[in-house]
Every structure is written in C-alpha cells, then in structure tokens.
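Report on the structure given below.
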Amino acid sequence: MEDLAIFLSKSLTGWLVIQVCLTLVFIWYLRSSKKNLLPDDQLPKTAVILCLRGADPFLPRCLRSLLNQNYPQYDLKLIVDSHDDPAWKIASETITEQEATNVQISPLRIVRNNCSLKCSSLIQAVGELDDSYKVVALVDADTIVHLNWLRELVSPLGDAKVGATTGNRWYVPTGKYWGSLVRYAGNVSTVVQMFLFQIPWGGTLAVKTEVLRQTELLDKWGQALGEDFMMHDILKKQGLKVKFVPSLLIVNREETNLFNLIDYLKRLILFSRLYHPRWLALVSEAVSSILFPTALIILVLESLLEAKWETATLLLGCYGVYTVGLLLIMLVLELEIQRVVRSNDQAMSIGKPFGFGSLQDARRLANAALTTGTAKTATPSPLRVYAKLSAPTIIKMLIAIPLTQWVYGLAMLSSLWVSTVTWRGVSYRVQGPWNVRLVEYRPYQWLDQPIDSKVSL
C-alpha cells in the first residue's frame, strides 16, 4: 500500500503542476493580447445568426445587446423554432421596443431528420444570405454581449491565416444552486482546454463566408448534432486557424441544479467524443482529474481502517495540497476574468440597450474610449455581473472541487452508454458523428419553460 500511496501522491502533485503551468500560459495570453480593431471602412458586412428554441432566461437582454452593436454594417438573423415558440413573442416585442431595422426573424421552415434543430436553423440562415455578407457570426441566447463585441470578433479575420474567431463563456459562481457552482468549477478547466486546442465555442463565433462555403462545413452541419467542435479540423485542412479573442469571455449568470447539470454534461461529453479533435487527450485529463483524487480518498479511508496513520497522513496532506492548489487556480482565473469583464464595462454601461442615451452616442463614446484608453476608468456598469469572492463563496468553491470531480466522473461514465440525446424537449438517436436521426419533434411550448426563470434550458 505504501508504494501505491507514494505513486498516487506523486501523480497528483505532478498533475497539479501541469495544471498550474497550463493556467499560467492561458493567463499570459489574456494579458499579452492586444485589441487591434479595424476602422469602420475596413469592417466587412456581417450576418449575426441566433437560433432560438425556448425562451432563455436573459433572452431580452441578449437581443438588446445584439441589436445595438458598435458596428457599421450588420444584420441580425433570428431563426425561431416555430411561431408558437415562447421566444417568438419575446423577440418580436424586443425588436419593436428597440425600433430595430437591421433584424429579420423567420421560423425554421425545414426540420431535417439527420441533424440537430440548431444545425437545421444554421443551414437555413446561411443559405438565405446574399454575396454582400463577408462574415457570418454565430451567437447563443445565453450570451449578453458588450457594445464592441462584433467589432472585436470580426477584426482578427483580417488576417488571411485566421479562418474563425471565438470567445468563451464564464459562469458566475453565485452558489444559489450547487449545480451552478459545480458547472462553474468544471468550466474553469474547460475554458483553458478549449484555448489550448483551438476549439471554437458556438456562443461567440465568426467565420468568413467564403471559408464557410468553400469547405465541407455546411455539409457536415447537415449530418451533425453540434456545430462548433468540428470546425478546428475542417479549418486546419485549409491551412487556417481558430483565434481565441480574450475580450470575448462572456459572463453567464444562468443557474442550474445538479440533476439538469448531469444531463448537460452527458450531452457535452458525447459531443466531445463525437467531434473533439483531441478526444483521447480529454480522456487522459479526466483520468488524472477524477480517478487519481478519488483513488487517493479511497486509499485514505483504507489506511485509516487499518490504522496506518503515517500513510493516511501523507495521503491527506497530498490531497489537501492538491485541492487548495485547484482552489487557487480558480481564484486567480476568476480575478483575471473579472479584469476582462471590467475592461468591457464602458461598452456595457452606455447606450440604448440599458437606457443611457442614443445608440449613436454609445458608439461615439465607445470609440472614444478605445482610442483614448478611458474604458478602464469608466463609470461602473449597472449590469456588473462578475462574482464577489466572499468567504462563504470561497468555502463553497472549496467544497465544490471534489463534488465536481465526482459529478463529472458520473456523467462521463453515464455518457458511455448514451445512444439517445434529449435536447430542449427533442430526442435524437446518435450512432456516430455523422449518423444522427431525429426521433421525435414537437414545437416548444410555454409549459416547457422551467419554473425558475433563471435556470438554463
């Protein structure tokens, strides 16, 4: 047992060192990246596509933020699952309220049987674009963007070697539901992984229209369950890369309980297994992050039962160092993300979306902030949403670390036998990455909405 204890202790310590190094690389990228935004006359006409099924918790705010971008030529294309969908009424009311003229709302006309409803919606939206649109930007309904979001997303596409740009989501550890806290803890490592592997996130993603049509991407969407994970390999074949834009780390304030989280994780793990270009690397990471700590805890219990106090002390000390190390990683990253969010407060605190002046004034002030460097000293945003790291929150984060390992382990094991996925009330049978069948379709109804209006769909 002593040899096994030493092996596990060294393995866990080594894995912690690796995670620290990867986190430092990510932080270095966040701090070293600079915004090189294109002027108005160099920004291409862009179509922003938002696919809706169900009324996400912050959908009105999402729509307002998208309709008021500091960008010269863009149109928002809304594809709603059906006229009866709750999202249709909310979207229509928001468009009227904003007096928006740069938006088109359409129902999903063809429900394809061999891909997800979202992929069906994306194919419809892209197929209706004329040649004047040079960039397609994808966004999710849980994304509340800042004023310069689209400008920051599109500008890097001016580099001929960049085929797509992306951001990522960052959950707020409110602690109201333990599921929310576990999702937050797990997402910390997910964000770093997606950066390292250049995996785009469909919630904030832009791709050149010519690249979209010249590659096999549209054909793949017509056979797939998800739209984003596959893009890395497809673009790589064209000699193009996916660029992560640090300023596009988007705060997500939705809640979830543990039961819904496990379903979400099983679906996410299945997506990764089907389309992630480094799936085996993810499995190795999961073994290191889940199996080693769990095995160490079991060994601690066995040592205590056998009165092997020295071995138990060694293992407990190692586990304590590992857990505190992960907590420090979470706290450091949280502070870094807060810095990114604060840098966007200027864009979030002015303009029509939140009741301060006109859109033209908002654009003028945002551009002035970018050129004079005053964005960081702007008046605090009325929608300041980053977390307050109080002592109770930190204690809950500490407890959430082992809970996250066990929940993710359970979800990973459960996903191995998954052949049917239910996503927003629609079921799909999955027999391979390009062998997806829609089992049952029905329009989304108001009765399908969660009781808690802040819970993720």
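Following the order of the structure tokens, chains are lettered A, B, ..., residues in each are numbered from 1, and ligands are numbered from 1.
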DSSP strand (DSSP E) residues within region 83-332 of chain A, as a count of residues only: 37
Excluding region 427-434 of chain A and residues on its chain fewer than 2 positions from it, collect all residues at most 8 Å away from it, counting only C-alpha atoms, and give them as JSON, numbers by chain. {"A": [116, 220, 223, 224, 225, 274, 275, 419, 420, 421, 422, 423, 425, 436, 437, 438, 439, 440, 441]}
Generate a file of the selected residues that holds C-alpha atoms, formatted as a PDB file, in the first residue's frame.
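Output saved as again-v6.pdb:
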ATOM      1  CA  SER A 116     -29.932  18.800 -34.780  1.00  0.00           C
ATOM      2  CA  LYS A 220     -21.165  18.430 -42.063  1.00  0.00           C
ATOM      3  CA  GLN A 223     -25.356  15.466 -40.592  1.00  0.00           C
ATOM      4  CA  ALA A 224     -24.231  16.551 -37.127  1.00  0.00           C
ATOM      5  CA  LEU A 225     -25.503  17.057 -33.608  1.00  0.00           C
ATOM      6  CA  LEU A 274     -18.013  12.622 -31.484  1.00  0.00           C
ATOM      7  CA  TYR A 275     -16.325  15.805 -32.716  1.00  0.00           C
ATOM      8  CA  SER A 419     -27.338   6.464 -27.734  1.00  0.00           C
ATOM      9  CA  THR A 420     -30.293   8.845 -27.433  1.00  0.00           C
ATOM     10  CA  VAL A 421     -29.968  12.522 -26.569  1.00  0.00           C
ATOM     11  CA  THR A 422     -32.827  14.749 -25.442  1.00  0.00           C
ATOM     12  CA  TRP A 423     -32.123  18.428 -26.030  1.00  0.00           C
ATOM     13  CA  GLY A 425     -37.526  18.508 -25.478  1.00  0.00           C
ATOM     14  CA  VAL A 436     -27.822  11.315 -36.298  1.00  0.00           C
ATOM     15  CA  ARG A 437     -31.563  10.778 -36.526  1.00  0.00           C
ATOM     16  CA  LEU A 438     -34.318  12.991 -35.167  1.00  0.00           C
ATOM     17  CA  VAL A 439     -36.509  10.597 -33.194  1.00  0.00           C
ATOM     18  CA  GLU A 440     -39.340  12.876 -32.181  1.00  0.00           C
ATOM     19  CA  TYR A 441     -40.077  16.537 -32.853  1.00  0.00           C
TER      20      TYR A 441
END
Compile a residue-level contact table for region 253-363 of chain A against region 413-416 of chain A at a cut-off of 12 Å, reporting for every qualifying residue the shortest atom pair and its distance in Å to one decimal, with only C-alpha atoms counted, rows ordered by chain and ascending number, as CSV.
residue,atom,partner,partner_atom,distance
A:Ile262,CA,A:Ser414,CA,9.1
A:Asp263,CA,A:Ser415,CA,9.2
A:Tyr264,CA,A:Ser415,CA,10.5
A:Leu265,CA,A:Ser415,CA,8.5
A:Lys266,CA,A:Ser415,CA,5.0
A:Arg267,CA,A:Ser415,CA,7.5
A:Leu268,CA,A:Ser415,CA,9.1
A:Ile269,CA,A:Ser415,CA,6.8
A:Leu270,CA,A:Ser415,CA,6.3
A:Phe271,CA,A:Ser415,CA,10.0
A:Ser272,CA,A:Ser415,CA,10.7
A:Arg273,CA,A:Leu416,CA,9.4
A:Leu274,CA,A:Ser415,CA,11.5
A:Val283,CA,A:Leu413,CA,11.2
A:Ala286,CA,A:Leu413,CA,10.9
A:Val287,CA,A:Leu413,CA,11.5
A:Ile290,CA,A:Leu413,CA,11.4
A:Leu291,CA,A:Leu413,CA,11.8
Which distance in Å separates CA of Ala281 (chain A) and CA of Phe26 (chain A), to one decimal?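 Separation of CA of Ala281 (chain A) and CA of Phe26 (chain A): 17.7 Å.
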Smallest atom-to-atom distance to Pro293 (chain A): which of A:Asp3, A:Thr404, A:Arg64, A:Leu248, using only C-alpha atoms?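 Nearest to Pro293 (chain A): A:Thr404.
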Top pick for closest residue to Leu108 (chain A), considering A:Lys77, A:Lys176, A:Arg278, A:Arg61 and counting only C-alpha atoms: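 Smallest distance to Leu108 (chain A) is found for A:Lys77.
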Give me the residues near region 184-192 of chain A as a PDB file with C-alpha atoms, in the first residue's frame, where near means some atom within 7 Å (using only C-alpha atoms) and where sequence neighbours in that chain fewer than 5 positions away do not count.
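Final output, result06.pdb:
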ATOM      1  CA  THR A  23      -3.201  28.107 -16.402  1.00  0.00           C
ATOM      2  CA  PHE A  26      -3.634  30.996 -20.532  1.00  0.00           C
ATOM      3  CA  ASN A 168     -15.928  31.522 -24.450  1.00  0.00           C
ATOM      4  CA  TYR A 171     -20.118  31.186 -15.365  1.00  0.00           C
ATOM      5  CA  VAL A 172     -20.679  33.248 -12.239  1.00  0.00           C
ATOM      6  CA  PRO A 173     -20.297  31.197  -9.008  1.00  0.00           C
ATOM      7  CA  MET A 330      -9.896  29.035  -9.729  1.00  0.00           C
ATOM      8  CA  ILE A 401     -13.926  20.793  -6.099  1.00  0.00           C
ATOM      9  CA  THR A 404     -17.199  18.438  -9.339  1.00  0.00           C
TER      10      THR A 404
END
Interatomic distance (Å, one decimal) between CA of Val182 (chain A) and CA of Ala400 (chain A): 5.8 Å
